[in-house]
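Have a look at run-v2.txt below; it lists compact mmCIF, C-alpha atoms and all ligand atoms.
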# COMPACT_ATOMS: atom_id res chain seq x y z
CA MET F 233 7.08 14.96 -30.17
CA GLN F 234 4.34 15.96 -27.74
CA ALA F 235 5.25 18.84 -25.38
CA ASN F 236 5.22 17.84 -21.74
CA ILE F 237 2.48 20.31 -20.83
CA SER F 238 -0.65 19.48 -18.90
CA GLU F 239 -3.41 21.38 -17.18
CA GLN F 240 -3.63 18.80 -14.39
CA PRO F 241 -2.48 20.04 -10.97
CA GLY F 242 0.82 19.15 -9.29
CA LEU F 243 2.10 18.36 -5.79
CA TYR F 244 5.27 19.79 -4.25
CA LEU F 245 7.03 18.53 -1.10
CA HIS F 246 9.63 20.79 0.50
CA ILE F 247 12.25 18.72 2.37
CA PRO F 248 13.96 21.29 4.59
CA PHE F 249 17.28 19.60 5.38
CA CYS F 250 20.80 20.08 4.07
CA GLU F 251 24.02 18.56 5.27
CA GLN F 252 25.62 21.99 5.07
CA LYS F 253 24.41 25.30 3.66
CA CYS F 254 25.86 26.39 0.32
CA ALA F 255 27.13 29.96 0.35
CA TYR F 256 24.83 31.18 -2.45
CA CYS F 257 21.56 29.51 -1.48
CA ASP F 258 18.48 31.19 -0.03
CA PHE F 259 16.12 28.21 -0.07
CA TYR F 260 14.74 27.36 3.33
CA SER F 261 16.64 24.50 4.98
CA LEU F 262 18.32 23.57 8.25
CA THR F 263 21.14 21.19 9.13
CA GLU F 264 19.23 19.62 12.08
CA LEU F 265 19.08 16.18 10.50
CA SER F 266 17.94 14.57 13.75
CA LEU F 267 14.48 16.06 13.08
CA ARG F 268 13.90 14.02 9.93
CA ASP F 269 11.59 11.38 11.44
CA ARG F 270 9.45 13.98 13.19
CA PHE F 271 9.33 16.00 9.99
CA VAL F 272 8.14 13.06 7.86
CA ASP F 273 5.35 12.35 10.37
CA ALA F 274 4.34 16.02 10.33
CA LEU F 275 4.47 16.17 6.53
CA CYS F 276 2.18 13.12 6.23
CA ARG F 277 -0.20 14.73 8.70
CA GLU F 278 -0.19 17.97 6.72
CA ILE F 279 -1.05 16.05 3.54
CA GLN F 280 -3.97 14.31 5.26
CA LEU F 281 -5.27 17.55 6.81
CA SER F 282 -5.09 19.23 3.39
CA LYS F 283 -7.54 16.85 1.75
CA GLN F 284 -10.07 19.68 1.89
CA ASN F 285 -7.78 21.74 -0.38
CA SER F 286 -7.81 19.11 -3.06
CA ILE F 287 -8.99 20.33 -6.39
CA PRO F 288 -12.35 18.71 -7.15
CA GLY F 289 -12.29 16.13 -9.92
CA ALA F 290 -8.59 16.59 -10.58
CA ALA F 291 -5.94 13.93 -10.89
CA PHE F 292 -2.51 15.26 -9.93
CA ASP F 293 0.05 14.34 -12.56
CA THR F 294 3.30 15.54 -10.99
CA ILE F 295 4.92 15.03 -7.60
CA TYR F 296 8.10 16.97 -6.91
CA PHE F 297 10.42 16.43 -3.93
CA GLY F 298 12.43 19.65 -3.66
CA GLY F 299 14.29 21.43 -0.94
CA GLY F 300 16.60 21.45 0.77
CA THR F 301 18.00 18.05 0.00
CA PRO F 302 15.30 15.39 -0.44
CA SER F 303 18.01 12.74 -0.89
CA LEU F 304 18.73 13.12 2.84
CA LEU F 305 15.52 11.14 3.41
CA SER F 306 15.61 7.36 3.12
CA ALA F 307 13.72 5.48 0.40
CA GLU F 308 11.39 4.20 3.17
CA GLN F 309 10.56 7.78 4.14
CA ILE F 310 9.96 8.74 0.49
CA SER F 311 7.68 5.67 0.13
CA LYS F 312 5.74 6.63 3.23
CA ILE F 313 5.15 10.14 1.85
CA LEU F 314 4.12 8.76 -1.56
CA GLU F 315 1.71 6.30 0.05
CA THR F 316 0.15 9.15 2.03
CA LEU F 317 -0.26 11.21 -1.13
CA HIS F 318 -1.84 8.28 -2.95
CA SER F 319 -4.28 7.57 -0.14
CA THR F 320 -5.27 11.24 0.13
CA PHE F 321 -5.43 12.52 -3.46
CA THR F 322 -6.14 11.09 -6.89
CA ILE F 323 -2.78 10.68 -8.58
CA SER F 324 -2.46 10.00 -12.29
CA GLN F 325 -0.92 6.62 -13.13
CA GLN F 326 1.52 8.38 -15.45
CA ALA F 327 2.58 10.94 -12.85
CA GLU F 328 6.05 12.43 -13.21
CA ILE F 329 7.69 11.88 -9.81
CA THR F 330 10.87 13.93 -9.40
CA LEU F 331 13.36 13.86 -6.56
CA GLU F 332 16.16 16.39 -6.22
CA ALA F 333 19.35 14.61 -5.19
CA ASN F 334 22.68 15.94 -4.02
CA PRO F 335 25.51 13.71 -5.34
CA GLY F 336 27.24 14.11 -1.95
CA THR F 337 24.43 12.35 -0.05
CA MET F 338 23.84 9.41 -2.39
CA GLU F 339 25.17 6.01 -1.35
CA GLN F 340 25.34 3.53 -4.23
CA GLN F 341 22.22 1.53 -3.35
CA MET F 342 20.07 4.66 -2.86
CA TYR F 343 19.55 5.15 -6.61
CA GLY F 344 17.88 1.75 -6.93
CA ASP F 345 15.97 2.27 -3.68
CA PHE F 346 14.49 5.59 -4.78
CA PHE F 347 13.64 4.13 -8.18
CA ALA F 348 11.90 1.17 -6.53
CA ALA F 349 10.01 3.59 -4.26
CA GLY F 350 8.39 5.10 -7.37
CA VAL F 351 10.61 8.07 -8.23
CA ASN F 352 10.89 8.21 -12.04
CA ARG F 353 12.80 11.45 -12.59
CA LEU F 354 16.03 12.36 -10.82
CA SER F 355 17.21 15.97 -10.66
CA LEU F 356 20.89 16.02 -9.71
CA GLY F 357 22.36 19.16 -8.13
CA VAL F 358 25.72 18.94 -9.90
CA GLN F 359 26.36 22.72 -10.29
CA SER F 360 29.87 22.22 -11.72
CA PHE F 361 32.36 19.53 -12.75
CA ASN F 362 35.27 21.63 -11.51
CA ASP F 363 36.48 20.93 -7.95
CA ASP F 364 37.68 24.51 -7.34
CA GLU F 365 34.27 25.87 -8.36
CA LEU F 366 32.46 23.30 -6.20
CA ARG F 367 34.57 24.26 -3.18
CA PHE F 368 33.95 27.94 -3.84
CA LEU F 369 30.17 27.32 -3.94
CA GLY F 370 30.36 25.43 -0.64
CA ARG F 371 29.07 22.18 -2.15
CA ILE F 372 29.57 18.95 -0.18
CA HIS F 373 30.45 16.87 -3.25
CA ASP F 374 33.32 16.88 -5.72
CA ALA F 375 33.36 16.39 -9.48
CA ALA F 376 34.10 12.65 -9.23
CA GLN F 377 30.96 12.18 -7.10
CA ALA F 378 28.92 14.15 -9.64
CA ARG F 379 30.13 11.91 -12.47
CA SER F 380 29.44 8.71 -10.57
CA ALA F 381 25.98 10.01 -9.55
CA LEU F 382 25.03 10.24 -13.22
CA ARG F 383 26.36 6.78 -14.05
CA ARG F 384 24.62 5.21 -11.06
CA ALA F 385 21.32 6.92 -11.83
CA ARG F 386 21.36 5.33 -15.29
CA GLN F 387 22.37 1.92 -13.93
CA ALA F 388 19.47 2.07 -11.47
CA GLY F 389 17.02 2.57 -14.33
CA PHE F 390 16.42 6.33 -14.39
CA SER F 391 15.69 7.21 -18.01
CA ASN F 392 14.70 10.79 -17.18
CA CYS F 393 17.50 12.75 -15.50
CA SER F 394 18.04 16.44 -15.07
CA LEU F 395 21.21 18.28 -14.06
CA ASP F 396 21.54 21.66 -12.38
CA LEU F 397 24.52 23.78 -13.36
CA ILE F 398 25.54 27.29 -12.27
CA PHE F 399 27.51 29.74 -14.39
CA ALA F 400 29.07 33.22 -14.22
CA LEU F 401 30.82 32.46 -10.92
CA PRO F 402 33.33 35.10 -9.81
CA GLY F 403 36.53 34.48 -11.78
CA GLN F 404 34.98 31.76 -13.96
CA THR F 405 36.09 31.87 -17.60
CA LEU F 406 34.02 31.08 -20.68
CA PRO F 407 36.18 28.01 -21.52
CA SER F 408 35.69 26.68 -17.99
CA TRP F 409 31.91 27.07 -18.30
CA LYS F 410 31.94 25.46 -21.74
CA LYS F 411 33.86 22.50 -20.31
CA ASN F 412 31.20 22.08 -17.60
CA MET F 413 28.46 21.96 -20.21
CA GLU F 414 30.44 19.50 -22.33
CA GLU F 415 30.92 17.19 -19.34
CA ALA F 416 27.18 17.32 -18.78
CA PHE F 417 26.43 16.48 -22.45
CA ALA F 418 28.67 13.41 -22.20
CA PHE F 419 26.01 11.87 -19.91
CA THR F 420 23.17 12.84 -22.30
CA PRO F 421 20.80 13.99 -19.53
CA GLU F 422 17.26 14.54 -20.77
CA HIS F 423 17.13 17.98 -19.14
CA ILE F 424 19.55 20.65 -17.93
CA SER F 425 18.81 23.68 -15.73
CA ALA F 426 21.56 26.28 -16.11
CA TYR F 427 21.40 29.21 -13.70
CA ASN F 428 23.32 32.44 -13.70
CA LEU F 429 24.75 32.85 -10.16
CA ILE F 430 22.60 35.35 -8.26
CA PHE F 431 23.79 37.04 -5.08
CA GLU F 432 20.62 36.69 -3.01
CA PRO F 433 20.32 39.09 -0.03
CA GLY F 434 20.92 37.31 3.27
CA THR F 435 23.31 34.71 1.85
CA PRO F 436 27.04 34.51 2.75
CA PHE F 437 27.88 35.29 -0.89
CA TYR F 438 25.80 38.47 -0.78
CA ASN F 439 27.60 39.63 2.36
CA ARG F 440 30.98 38.85 0.81
CA LEU F 441 29.99 40.78 -2.31
CA GLN F 442 28.90 43.78 -0.21
CA SER F 443 32.15 43.77 1.77
CA GLY F 444 34.25 43.51 -1.40
CA GLN F 445 35.66 40.06 -0.62
CA ILE F 446 34.34 38.75 -3.92
CA GLN F 447 33.40 40.44 -7.18
CA GLY F 448 30.59 39.45 -9.51
CA GLN F 449 31.18 39.14 -13.24
CA PRO F 450 31.02 42.44 -15.18
CA GLU F 451 27.72 42.89 -17.04
CA GLN F 452 29.27 42.29 -20.49
CA ASN F 453 30.74 38.99 -19.28
CA GLU F 454 27.32 37.88 -18.04
CA ILE F 455 25.94 38.56 -21.51
CA ASP F 456 28.79 36.55 -23.04
CA PHE F 457 28.09 33.64 -20.65
CA TRP F 458 24.45 33.79 -21.56
CA ASN F 459 25.03 33.84 -25.32
CA MET F 460 27.51 31.02 -25.09
CA THR F 461 25.08 28.95 -23.01
CA LEU F 462 22.36 29.28 -25.65
CA ASP F 463 24.73 28.53 -28.54
CA VAL F 464 26.41 25.53 -26.93
CA MET F 465 23.14 24.04 -25.66
CA ASP F 466 21.58 24.46 -29.09
CA SER F 467 24.50 22.94 -30.99
CA ASN F 468 24.37 19.93 -28.65
CA GLY F 469 20.68 19.34 -29.20
CA TYR F 470 19.24 21.01 -26.07
CA GLU F 471 16.24 23.21 -26.72
CA ALA F 472 15.86 26.32 -24.54
CA TYR F 473 12.22 26.36 -23.41
CA GLU F 474 12.42 28.66 -20.38
CA VAL F 475 14.96 31.29 -19.34
CA SER F 476 17.13 28.76 -17.44
CA ASN F 477 15.83 25.42 -18.69
CA PHE F 478 16.85 23.20 -21.58
CA ALA F 479 15.58 19.81 -22.73
CA ARG F 480 16.61 17.21 -25.28
CA SER F 481 13.05 17.34 -26.61
CA ALA F 482 9.66 18.73 -25.65
CA ALA F 483 8.81 15.37 -24.06
CA PHE F 484 11.44 16.11 -21.41
CA TYR F 485 10.37 19.60 -20.38
CA SER F 486 9.92 19.58 -16.59
CA ARG F 487 6.20 18.80 -16.45
CA HIS F 488 6.07 19.99 -12.84
CA ASN F 489 7.92 23.30 -13.19
CA ILE F 490 5.87 24.21 -16.23
CA LYS F 491 2.86 24.34 -13.91
CA TYR F 492 4.45 27.29 -12.07
CA TRP F 493 5.20 29.02 -15.36
CA LEU F 494 1.72 28.47 -16.81
CA HIS F 495 -0.33 29.23 -13.67
CA VAL F 496 -1.54 25.63 -13.43
CA PRO F 497 -2.72 24.80 -9.87
CA TYR F 498 -0.39 23.07 -7.41
CA LEU F 499 -0.41 22.19 -3.73
CA GLY F 500 2.79 22.55 -1.69
CA PHE F 501 3.64 20.82 1.60
CA GLY F 502 6.48 21.36 4.06
CA PRO F 503 7.90 24.55 5.59
CA SER F 504 8.00 27.52 3.18
CA ALA F 505 6.06 25.61 0.48
CA HIS F 506 3.63 27.61 -1.67
CA SER F 507 0.31 26.57 -3.17
CA PHE F 508 -1.78 28.08 -5.95
CA HIS F 509 -5.32 27.45 -7.10
CA LYS F 510 -7.54 29.75 -9.16
CA ASN F 511 -6.84 33.22 -7.78
CA ARG F 512 -5.67 32.03 -4.35
CA ARG F 513 -2.03 31.68 -3.31
CA TRP F 514 -0.92 30.61 0.13
CA SER F 515 2.29 29.51 1.83
CA ASN F 516 3.48 27.69 4.90
CA VAL F 517 5.59 29.00 7.76
CA ARG F 518 9.29 29.31 6.90
CA SER F 519 10.36 27.62 10.13
CA LEU F 520 10.68 23.89 10.68
CA HIS F 521 10.12 24.27 14.43
CA ARG F 522 6.88 26.22 14.00
CA TYR F 523 5.84 23.79 11.28
CA LEU F 524 6.30 20.81 13.62
CA ALA F 525 4.57 22.58 16.51
CA ASP F 526 1.53 23.45 14.37
CA LEU F 527 1.10 19.98 12.94
CA GLU F 528 1.65 18.26 16.24
CA GLN F 529 -1.41 20.24 17.36
CA GLU F 530 -3.34 19.18 14.23
CA LYS F 531 -3.16 22.67 12.78
CA LEU F 532 -2.28 23.51 9.17
CA PRO F 533 0.95 25.57 9.15
CA VAL F 534 -0.26 28.24 6.71
CA ASP F 535 0.99 31.73 7.54
CA PHE F 536 0.27 33.70 4.38
CA GLU F 537 -2.63 33.83 1.99
CA GLU F 538 -3.59 36.22 -0.78
CA ARG F 539 -6.30 36.53 -3.39
CA LEU F 540 -4.88 37.75 -6.65
CA ASP F 541 -6.99 40.43 -8.31
CA ALA F 542 -7.58 40.44 -12.06
CA SER F 543 -4.76 42.87 -12.86
CA THR F 544 -2.21 40.88 -10.81
CA LEU F 545 -3.26 37.65 -12.52
CA GLU F 546 -2.90 39.36 -15.88
CA PHE F 547 0.56 40.75 -15.05
CA GLU F 548 1.72 37.38 -13.75
CA HIS F 549 0.39 35.69 -16.87
CA ILE F 550 2.50 38.04 -19.03
CA LEU F 551 5.54 37.65 -16.78
CA LEU F 552 5.40 33.85 -16.72
CA ARG F 553 4.62 33.39 -20.41
CA LEU F 554 7.38 35.71 -21.59
CA ARG F 555 9.99 33.86 -19.55
CA MET F 556 9.18 30.86 -21.74
CA TYR F 557 10.61 30.75 -25.24
CA ALA F 558 7.23 29.79 -26.72
CA GLY F 559 5.95 33.19 -25.57
CA LEU F 560 2.45 34.48 -24.95
CA HIS F 561 -0.43 33.02 -26.94
CA LEU F 562 -2.46 35.99 -28.14
CA ARG F 563 -5.85 34.24 -28.44
CA GLU F 564 -5.45 32.58 -25.03
CA PHE F 565 -4.70 35.98 -23.47
CA GLU F 566 -7.82 37.54 -25.03
CA ARG F 567 -9.97 34.60 -23.94
CA LYS F 568 -8.69 34.82 -20.36
CA PHE F 569 -8.63 38.57 -19.86
CA GLY F 570 -11.24 39.79 -22.35
CA VAL F 571 -8.89 42.22 -24.06
CA SER F 572 -6.42 42.11 -26.91
CA PHE F 573 -2.82 41.98 -25.62
CA LEU F 574 -1.52 43.77 -28.73
CA GLU F 575 -4.10 46.57 -28.33
CA LYS F 576 -3.79 47.04 -24.59
CA TYR F 577 0.01 47.23 -24.54
CA LYS F 578 0.38 48.75 -28.00
CA SER F 579 2.92 51.44 -27.17
CA GLU F 580 5.17 49.16 -25.06
CA ILE F 581 4.98 46.40 -27.67
CA ASN F 582 5.84 48.72 -30.55
CA GLY F 583 8.87 49.92 -28.61
CA PHE F 584 10.07 46.34 -28.08
CA LEU F 585 9.40 45.35 -31.71
CA ASN F 586 11.29 48.38 -33.01
CA ARG F 587 14.29 47.57 -30.83
CA ASN F 588 14.24 43.92 -31.93
CA LEU F 589 13.58 42.78 -28.36
CA ALA F 590 10.37 40.94 -29.23
CA GLU F 591 8.50 39.47 -32.19
CA THR F 592 5.04 38.17 -33.08
CA ILE F 593 5.03 34.78 -34.78
CA ASN F 594 2.17 32.36 -35.50
CA GLY F 595 -0.20 33.94 -32.99
CA TYR F 596 2.43 34.26 -30.23
CA PHE F 597 4.19 37.35 -28.85
CA LYS F 598 7.65 36.37 -27.64
CA LEU F 599 10.97 37.86 -26.65
CA THR F 600 13.95 37.52 -28.97
CA ARG F 601 17.30 36.34 -27.62
CA LYS F 602 18.24 40.02 -27.20
CA GLY F 603 14.98 40.60 -25.32
CA MET F 604 15.51 37.56 -23.08
CA LEU F 605 18.78 39.11 -21.94
CA ILE F 606 16.91 42.01 -20.38
CA CYS F 607 13.78 40.02 -19.66
CA ASP F 608 13.23 41.42 -16.14
CA GLU F 609 13.50 45.00 -17.39
CA ILE F 610 11.01 44.38 -20.19
CA LEU F 611 8.53 42.66 -17.91
CA GLN F 612 8.37 45.66 -15.59
CA ASP F 613 6.97 47.72 -18.47
CA PHE F 614 3.83 45.57 -18.41
CA TYR F 615 3.17 46.31 -14.76
CA ARG F 616 0.02 48.41 -14.27
CA PRO F 617 -0.66 48.70 -10.53
S1 LIG R 701 22.24 21.68 -1.02
FE1 LIG R 701 20.77 22.82 -2.31
S2 LIG R 701 19.15 23.54 -0.93
FE2 LIG R 701 20.90 22.88 0.35
S3 LIG R 701 22.03 24.76 0.74
FE3 LIG R 701 22.97 23.79 -1.08
S4 LIG R 701 21.87 24.69 -2.85
FE4 LIG R 701 20.66 25.15 -1.01
Here is a file; write its structure as structure tokens.
Amino acid sequence: MQANISEQPGLYLHIPFCEQKCAYCDFYSLTELSLRDRFVDALCREIQLSKQNSIPGAAFDTIYFGGGTPSLLSAEQISKILETLHSTFTISQQAEITLEANPGTMEQQMYGDFFAAGVNRLSLGVQSFNDDELRFLGRIHDAAQARSALRRARQAGFSNCSLDLIFALPGQTLPSWKKNMEEAFAFTPEHISAYNLIFEPGTPFYNRLQSGQIQGQPEQNEIDFWNMTLDVMDSNGYEAYEVSNFARSAAFYSRHNIKYWLHVPYLGFGPSAHSFHKNRRWSNVRSLHRYLADLEQEKLPVDFEERLDASTLEFEHILLRLRMYAGLHLREFERKFGVSFLEKYKSEINGFLNRNLAETINGYFKLTRKGMLICDEILQDFYRP
């Protein structure tokens, strides 16, 4: 089966609304839902004003509605945004069009409406099938809503669905996590993202951790969760292709997210959205109010821009490739950076090979399962400021 990898650029839309903030989340979003119409107008204006940033000769082959909670927009609003994208950029006819949906915001007819609007991949933020865990996370939906979301997505015609799950919650047991995965498999989603709970600074969970109100899982437990995740996914036919991402086959890898992991260009719209092209990376203001004010004065809301130098691009290339199970392609590295990866990082690499943290196979350098467990630590050793 052909891997879902392409060098064509992608488009990302950040929809900055949530019905209520989850206690662990640090994505940019507000609960001021009354601003949705103004936001959609501003977003369409931003897309039109960004025509100059389009990548010459390129046809975009992914569109990703992320957030926030894109399913808080109506199908009409999603259609309006898609029409604006189509009239501004060249979009491939086979584009993967993903919408992140929260089961708690989806009325029955919305599945069909989004499908009819052109969305062909639904990413459902399930997180857990256990009501106690969902309440603890601050989610607005319960397990019954998560189950019916999956059934309704299928009935509406979605043949490419992804589920998000979170594991290693405080107090969660391995059997409880296994049960969550098994519930997910029962719906045979094409793709599953399984994230280890992270206590991000600035979130309510982080503050509760600091004040001792909650305790994270001990390190050994996190390793056990991780190993179980890989074993159970594998025995149920889900291939691990990135640190937190699993697919029923290579055809169902997230074509859009792979662009981030392979340094393929993408344009992002909406507050806090990032863009990347060649060695340039830029991002929008992380404030809906400033975003609206800028666009209502016909001004692009960019507030950060950087040019990545050769050594940063090289480090990022290593970092992104080694988070993928396929690993780093040695000939591609040499072609891009004019130096042999194995020669340049000889001493680090030998250390990893000797400790069974990495291996070289068929022209690729990749981390072993043991290496993936301490992936962030390993990657720092490649940093040469
Ligand atoms: S619904 Fe999603 S984006 Fe919104 S607060 Fe919860 S996790 Fe974050």
Give me the box for ligand LIG 701 (chain R) as JSON, namely the centre and edge lengths in Å to one decimal of a box along x, y and z that holds every listed atom plus 4 Å on each side.
{"center_x": 21.1, "center_y": 23.4, "center_z": -1.1, "size_x": 11.8, "size_y": 11.5, "size_z": 11.6}
Could you list, as a PyMOL selection string, all protein and nucleic acid residues with an atom at most 12 Å from ligand LIG 701 (chain R), counting all atoms listed in the file?
chain F and resi 246-263+297-304+332-337+355-359+366-367+369-373+396-398+427+429-430+432+435-436
Separation of CA of His488 in chain F from CA of Glu339 in chain F in Å:
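Going from CA of Glu339 in chain F over to CA of His488 in chain F covers 26.3 Å.
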Nearest-residue call for Cys607 in chain F, choices F:Leu540, F:Ile581, F:Met556, F:Leu314, using only C-alpha atoms:
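Between F:Leu540, F:Ile581, F:Met556, F:Leu314, the residue approaching Cys607 in chain F most closely is F:Met556.
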At what distance in Å, to one decimal, does CA of Glu451 in chain F lie from CA of Glu580 in chain F?
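Rounded to one decimal, the two atoms are 24.7 Å apart.
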Please compute the CA of Tyr473 in chain F-CA of Phe569 in chain F distance, one decimal, in Å.
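Answer for the CA of Tyr473 in chain F to CA of Phe569 in chain F separation: 24.4 Å.
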Using all atoms listed in the file, find the one residue out of F:Glu365, F:Glu308, F:Glu530, F:Glu415 that sits nearest to Glu278 in chain F.
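Closest candidate: F:Glu530.
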Test item: residues at most 6 Å from range 559-567 of chain F, all atoms listed in the file, excluding those fewer than 6 positions along its chain, as a PDB file with C-alpha atoms, in the frame of the given file:
ATOM      1  CA  ARG F 553       4.620  33.390 -20.410  1.00  0.00           C
ATOM      2  CA  GLY F 595      -0.200  33.940 -32.990  1.00  0.00           C
ATOM      3  CA  TYR F 596       2.430  34.260 -30.230  1.00  0.00           C
ATOM      4  CA  PHE F 597       4.190  37.350 -28.850  1.00  0.00           C
ATOM      5  CA  LYS F 598       7.650  36.370 -27.640  1.00  0.00           C
TER       6      LYS F 598
END
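Using all atoms listed in the file, the nearest neighbour of Thr544 in chain F within the list F:Ser481, F:Tyr523, F:Glu474, F:Arg616 is F:Arg616.
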Find the residues near range 380-384 of chain F: any atom within 12 Å, counting all atoms listed in the file, skip ones fewer than 2 places away on the same chain, and give them as an MDAnalysis selection string.
chainID F and resid 333:347 354:358 361 373:378 386:396 415:422
Contacts of His506 in chain F at 6 Å or less, counting all atoms listed in the file, minus same-chain residues fewer than 6 places along, as an mmCIF file with C-alpha atoms, keeping the file's coordinate frame?
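Wrote it out as part_38.cif, contents follow:
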data_model
loop_
_atom_site.group_PDB
_atom_site.id
_atom_site.type_symbol
_atom_site.label_atom_id
_atom_site.label_comp_id
_atom_site.auth_asym_id
_atom_site.auth_seq_id
_atom_site.Cartn_x
_atom_site.Cartn_y
_atom_site.Cartn_z
ATOM 1 C CA GLY F 500 2.790 22.550 -1.690
ATOM 2 C CA TRP F 514 -0.920 30.610 0.130
ATOM 3 C CA SER F 515 2.290 29.510 1.830
#
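The residue that comes closest to Met460 in chain F, out of F:Gly603, F:Gly350, F:Pro407, F:Pro433 and on the basis of all atoms listed in the file, is F:Pro407.
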Write out as a ChimeraX atom specification which residues come within 7 Å of His509 in chain F when counting only C-alpha atoms, dropping same-chain ones fewer than 3 positions away.
/F:497-498,512-513
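Distances here use only C-alpha atoms; by that measure, the residue among F:Ile490, F:Leu243, F:Leu599, F:Ala385 closest to Leu317 in chain F is F:Leu243.
Minimum atom-to-atom distance to Ala482 in chain F, evaluated using only C-alpha atoms, belongs to F:Tyr470 out of F:Tyr470, F:Ser324, F:Ser311, F:Glu548.
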